[in-house]
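S.K.: Here you go, one structure.
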Amino acid sequence: MKKSIYIILPLLVFAVNASAQSTVDSVLSVIAENNKTIQANSQYWEAKKLEFKTGLTPFNPKVDYDYMSGSPVGAGNQTDFAVTQSFDFPTAYNKKKQLSNEQIEQVEFQLISTKQEILLEAKLICIELVYRNKLHAEITKRKEKTEKWLTDFQLRLDKGDGNILDVNKAKLQLIEINTSFQENISLLNQLNNKLTELNGGNLITFTDTNYSELPELPTLVVLETTFEANDPVRKYLEQQKVIGQKKVELSKAMSLPKLETGYHYQALLGQRFNGIHFGITLPLWESKNQVKANQANLVFNDLSLLDHKNEYYFGIQQKYEKQYNLSITLKEYQTLFATLNSGQLLDKSLKLGHISTIEYFMEMTFYFDALKNYLRTEKEYHQTITELYKYHL
């Protein structure tokens with residue numbers, strides 16, 4: 001078991017030396033630059049911008065040429081030549097341009113939203129890593145202390161001044177500690193691997209044991225207002241409403257007659273005819289129900305926006321209440337552990353024989369469980385605040 005631990009640790013240290021990042025901000029900076037999802041999304045929407053700019057001009061002109069030989073021979077030949085240009089009803093082009101501009105404007109909100117989601121995931125992982133790194137330091141200290149006691153108990157036993165029960169208790173305790181030690185290292189590796197994935201496959205290891213400084217949290221009303229003003233998903237959905245309205249207007253314009261004009265030349269039996277060609281397409285069947293379909297989509301867009309507002313409103317309230325409750329518990333833990341010195345007191349008591357070995361390990365387990373709860377509360381508090389300040393990412 002020890003051998004496997006010592007194999008893992010050098011690999012972890014090597015990774016740390018190769019690509020360690022010292023702060024959350026530095027991690028987010030490199031991930032924002034290297035993340036493949038952000039890059040692919042950016043490229044996709046650049047292509048969509050070009051797509052939104054297509055179809056704004058009239059149709060391609062059409063050229064027709066017909067040459068027909070007559071029969072019998074004396075009937076002569078006929079030549080027809082025509083150049084025509086088709087148009088949508090003139091107001092449609094203005095509506096198409098307006099729709100294109102609104103769609104292009106919406107792209108920016110989509111890009112911001114995707115980037116925020118990626119960086120939020122990365123920051124939450126970093127917070128989890130800070131917790132795991134702090135926990136690793138505490139488990140390591142506990143492991144080393146238990147190994148020292150096991151060595152002392154074994155030496156006493158060998159000298160005939162100890163008992164096998166103390167040795168066995170120390171061994172059992174060490175097995176449990178080593179299990180926690182290995183589990184925590186495994187989770188550290190998994191979390192760092194996830195950061196590497198988010199970093200576009202470029203190796204990254206986060207070793208910090210300090211959380212980022214938290215901003216002063218405003219009142220719930222102020223936070224809701226600020227979040228609402230900076231929420232890209234809300235802006236995206238609001239823009240979707242505008243786009244929906246423009247689609248309704250465009251579909252109405254497209255239901256008007258299409259026009260066709262051009263030049264027509266004809267030669268027949270030695271006679272020539274040329275003049276202006278004009279045509280009109282009657283909108284009887286092609287766009288049937290298109291206006292109604294776009295109006296139905298407009299209702300859907302309204303409901304989607306209302307659903308997001310509702311979800312966001314109660315989501316913010318729940319997180320705000322959660323951080324408040326966590327802050328109370330966290331302050332209690334901080335006050336307690338600022339004055340608590342259980343580890344040293346227990347060591348001294350065991351050394352002087354004031355407590356038994358089983359009492360020592362029971363008290364140490366109780367102390368360590370409380371410490372883990374403290375570290376977990378601290379982590380959850382920072383994660384909740386991060387989610388409340390998601391729009392800053």
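Residues are named by chain letter and number: chains run A, B, ... in the order of the structure tokens, numbers start at 1 in each chain, and ligands are numbered from 1 in the order shown.
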Give me, as JSON lines, each residue of stretch 85-154 of chain A that comes within 9 Å of stretch 242-263 of chain A, together with its shortest interatomic pair and the distance in Å at one decimal, counting only C-alpha atoms, with rows ordered by chain and rising residue number.

M.R.:
{"residue": "A:Gln85", "atom": "CA", "partner": "A:Thr261", "partner_atom": "CA", "distance": 5.4}
{"residue": "A:Ser86", "atom": "CA", "partner": "A:Glu260", "partner_atom": "CA", "distance": 4.2}
{"residue": "A:Phe87", "atom": "CA", "partner": "A:Leu259", "partner_atom": "CA", "distance": 5.1}
{"residue": "A:Asp88", "atom": "CA", "partner": "A:Lys258", "partner_atom": "CA", "distance": 4.6}
{"residue": "A:Phe89", "atom": "CA", "partner": "A:Lys258", "partner_atom": "CA", "distance": 5.4}
{"residue": "A:Pro90", "atom": "CA", "partner": "A:Ala253", "partner_atom": "CA", "distance": 8.6}
{"residue": "A:Thr91", "atom": "CA", "partner": "A:Ala253", "partner_atom": "CA", "distance": 6.4}
{"residue": "A:Ala92", "atom": "CA", "partner": "A:Ala253", "partner_atom": "CA", "distance": 5.0}
{"residue": "A:Tyr93", "atom": "CA", "partner": "A:Leu250", "partner_atom": "CA", "distance": 8.7}
{"residue": "A:Asn94", "atom": "CA", "partner": "A:Leu250", "partner_atom": "CA", "distance": 8.8}
{"residue": "A:Lys95", "atom": "CA", "partner": "A:Leu250", "partner_atom": "CA", "distance": 5.3}
{"residue": "A:Lys96", "atom": "CA", "partner": "A:Leu250", "partner_atom": "CA", "distance": 6.5}
{"residue": "A:Gln98", "atom": "CA", "partner": "A:Lys246", "partner_atom": "CA", "distance": 7.2}
{"residue": "A:Leu99", "atom": "CA", "partner": "A:Lys246", "partner_atom": "CA", "distance": 5.5}
{"residue": "A:Ser100", "atom": "CA", "partner": "A:Ile243", "partner_atom": "CA", "distance": 8.8}
{"residue": "A:Glu102", "atom": "CA", "partner": "A:Ile243", "partner_atom": "CA", "distance": 6.1}
{"residue": "A:Gln103", "atom": "CA", "partner": "A:Ile243", "partner_atom": "CA", "distance": 6.6}
{"residue": "A:Gln106", "atom": "CA", "partner": "A:Ile243", "partner_atom": "CA", "distance": 8.8}

S.K.: For A:Glu108, please output as a list of chain:residue names all residues within 12 Å (counting only C-alpha atoms; exclusion window: fewer than 6 positions along the same chain).

M.R.: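 The neighbour list is A:Asn41, A:Ser42, A:Trp45, A:Glu46, A:Lys48, A:Lys49, A:Asn101, A:Glu102, A:Thr114, A:Lys115, A:Pro232, A:Val233, A:Lys235, A:Tyr236, A:Gln239.
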
S.K.: Could you tell me how far atom CA of A:Leu220 lies from atom CA of A:Lys322, in Å and to one decimal?

M.R.: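 That distance, rounded to one decimal, is 12.2 Å.
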
S.K.: Where does DSSP see helix (DSSP H, G or I) in stretch 36-175 of chain A, if you list the residues as a VMD selection string?

M.R.: chain A and resid 36 to 52 73 to 75 91 to 159 164 to 175

S.K.: What is the distance between atom CA of A:Ala47 and atom CA of A:Asn297, in Å to one decimal?

M.R.: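 Calculated distance between atom CA of A:Ala47 and atom CA of A:Asn297 is 24.2 Å.
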
S.K.: To one decimal place, how far is atom CA of A:Gln318 from atom CA of A:Leu188 in Å?

M.R.: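 Value for the atom CA of A:Gln318-atom CA of A:Leu188 distance: 29.2 Å.
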
S.K.: Set the distance at 8 Å and use only C-alpha atoms: which residues neighbour stretch 352-369 of chain A once local chain neighbours fewer than 2 positions away are removed? I'd like the list as a list of chain:residue names.

M.R.: A:Asp166, A:Lys169, A:Gln173, A:Ser342, A:Gly343, A:Leu346, A:Asp347, A:Lys348, A:Ser349, A:Leu350, A:Leu371, A:Lys372, A:Asn373

S.K.: Write the residues of the selection above to a file with C-alpha atoms, as a short mmCIF file (atom, residue, chain, number, x, y, z; two decimals), in the first residue's frame.

M.R.:
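Produced file part04.cif, reproduced below:
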data_model
loop_
_atom_site.label_atom_id
_atom_site.label_comp_id
_atom_site.auth_asym_id
_atom_site.auth_seq_id
_atom_site.Cartn_x
_atom_site.Cartn_y
_atom_site.Cartn_z
CA ASP A 166 -1.87 -0.31 21.37
CA LYS A 169 -5.12 0.11 17.43
CA GLN A 173 -6.13 3.73 12.60
CA SER A 342 -6.83 19.55 20.40
CA GLY A 343 -4.07 17.78 18.49
CA LEU A 346 -4.18 14.96 22.98
CA ASP A 347 -0.57 14.12 22.11
CA LYS A 348 0.59 15.45 25.45
CA SER A 349 -2.16 13.64 27.36
CA LEU A 350 -1.34 10.31 25.70
CA LEU A 371 -12.12 19.74 10.81
CA LYS A 372 -13.36 18.11 7.60
CA ASN A 373 -16.82 19.58 8.17
#

S.K.: Closest to A:Thr209 among A:Asn133, A:Thr329, A:Asn189, A:Gln323, using only C-alpha atoms?

M.R.: A:Asn133

S.K.: Measuring between only C-alpha atoms, which one of A:Lys241, A:Lys134, A:Lys319, A:Lys97 shows the shortest distance to A:Asp208?

M.R.: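 Checking each candidate against A:Asp208, we get A:Lys134 as the closest.
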
S.K.: Env of A:His382: 12 Å cut, atoms = only C-alpha atoms, seq-sep filter 6 positions within chain, self excluded. Answer as a VMD selection string.

M.R.: chain A and resid 123 to 128 130 to 131 210 to 215 217 319 322 to 324 326 to 327 330 375 to 376 388 to 389

S.K.: Would you mind exporting C-alpha atoms of the selected residues as a PDB file, in the first residue's frame?

M.R.:
ATOM      1  CA  LYS A 123     -13.688  27.936 -11.013  1.00  0.00           C
ATOM      2  CA  LEU A 124     -15.881  25.493  -9.070  1.00  0.00           C
ATOM      3  CA  ILE A 125     -13.297  22.782  -9.777  1.00  0.00           C
ATOM      4  CA  CYS A 126     -10.548  25.098  -8.514  1.00  0.00           C
ATOM      5  CA  ILE A 127     -12.487  25.690  -5.309  1.00  0.00           C
ATOM      6  CA  GLU A 128     -12.914  21.932  -4.911  1.00  0.00           C
ATOM      7  CA  VAL A 130      -8.362  24.161  -2.788  1.00  0.00           C
ATOM      8  CA  TYR A 131     -10.503  22.125  -0.403  1.00  0.00           C
ATOM      9  CA  ASN A 210      -5.951  29.603  -0.519  1.00  0.00           C
ATOM     10  CA  TYR A 211      -9.333  30.686  -1.808  1.00  0.00           C
ATOM     11  CA  SER A 212      -9.737  33.850  -3.864  1.00  0.00           C
ATOM     12  CA  GLU A 213     -10.726  36.925  -1.921  1.00  0.00           C
ATOM     13  CA  LEU A 214     -14.507  37.235  -1.888  1.00  0.00           C
ATOM     14  CA  PRO A 215     -16.274  40.461  -2.849  1.00  0.00           C
ATOM     15  CA  LEU A 217     -22.041  40.639  -1.029  1.00  0.00           C
ATOM     16  CA  LYS A 319     -28.327  30.559  -3.302  1.00  0.00           C
ATOM     17  CA  LYS A 322     -27.721  29.152   1.347  1.00  0.00           C
ATOM     18  CA  GLN A 323     -24.682  31.436   1.542  1.00  0.00           C
ATOM     19  CA  TYR A 324     -26.196  33.243   4.522  1.00  0.00           C
ATOM     20  CA  LEU A 326     -23.224  28.777   5.459  1.00  0.00           C
ATOM     21  CA  SER A 327     -21.651  32.057   6.580  1.00  0.00           C
ATOM     22  CA  LEU A 330     -18.448  29.061   8.908  1.00  0.00           C
ATOM     23  CA  LEU A 375     -13.234  22.708   5.438  1.00  0.00           C
ATOM     24  CA  ARG A 376     -16.309  21.413   3.579  1.00  0.00           C
ATOM     25  CA  LEU A 388     -23.939  34.224  -7.320  1.00  0.00           C
ATOM     26  CA  TYR A 389     -21.161  36.188  -9.082  1.00  0.00           C
TER      27      TYR A 389
END

S.K.: Show which residues sit within 9 Å of A:Ile164, as a ChimeraX atom specification. Count only C-alpha atoms, and ignore same-chain residues fewer than 3 positions away.

M.R.: /A:153-154,157,167-169
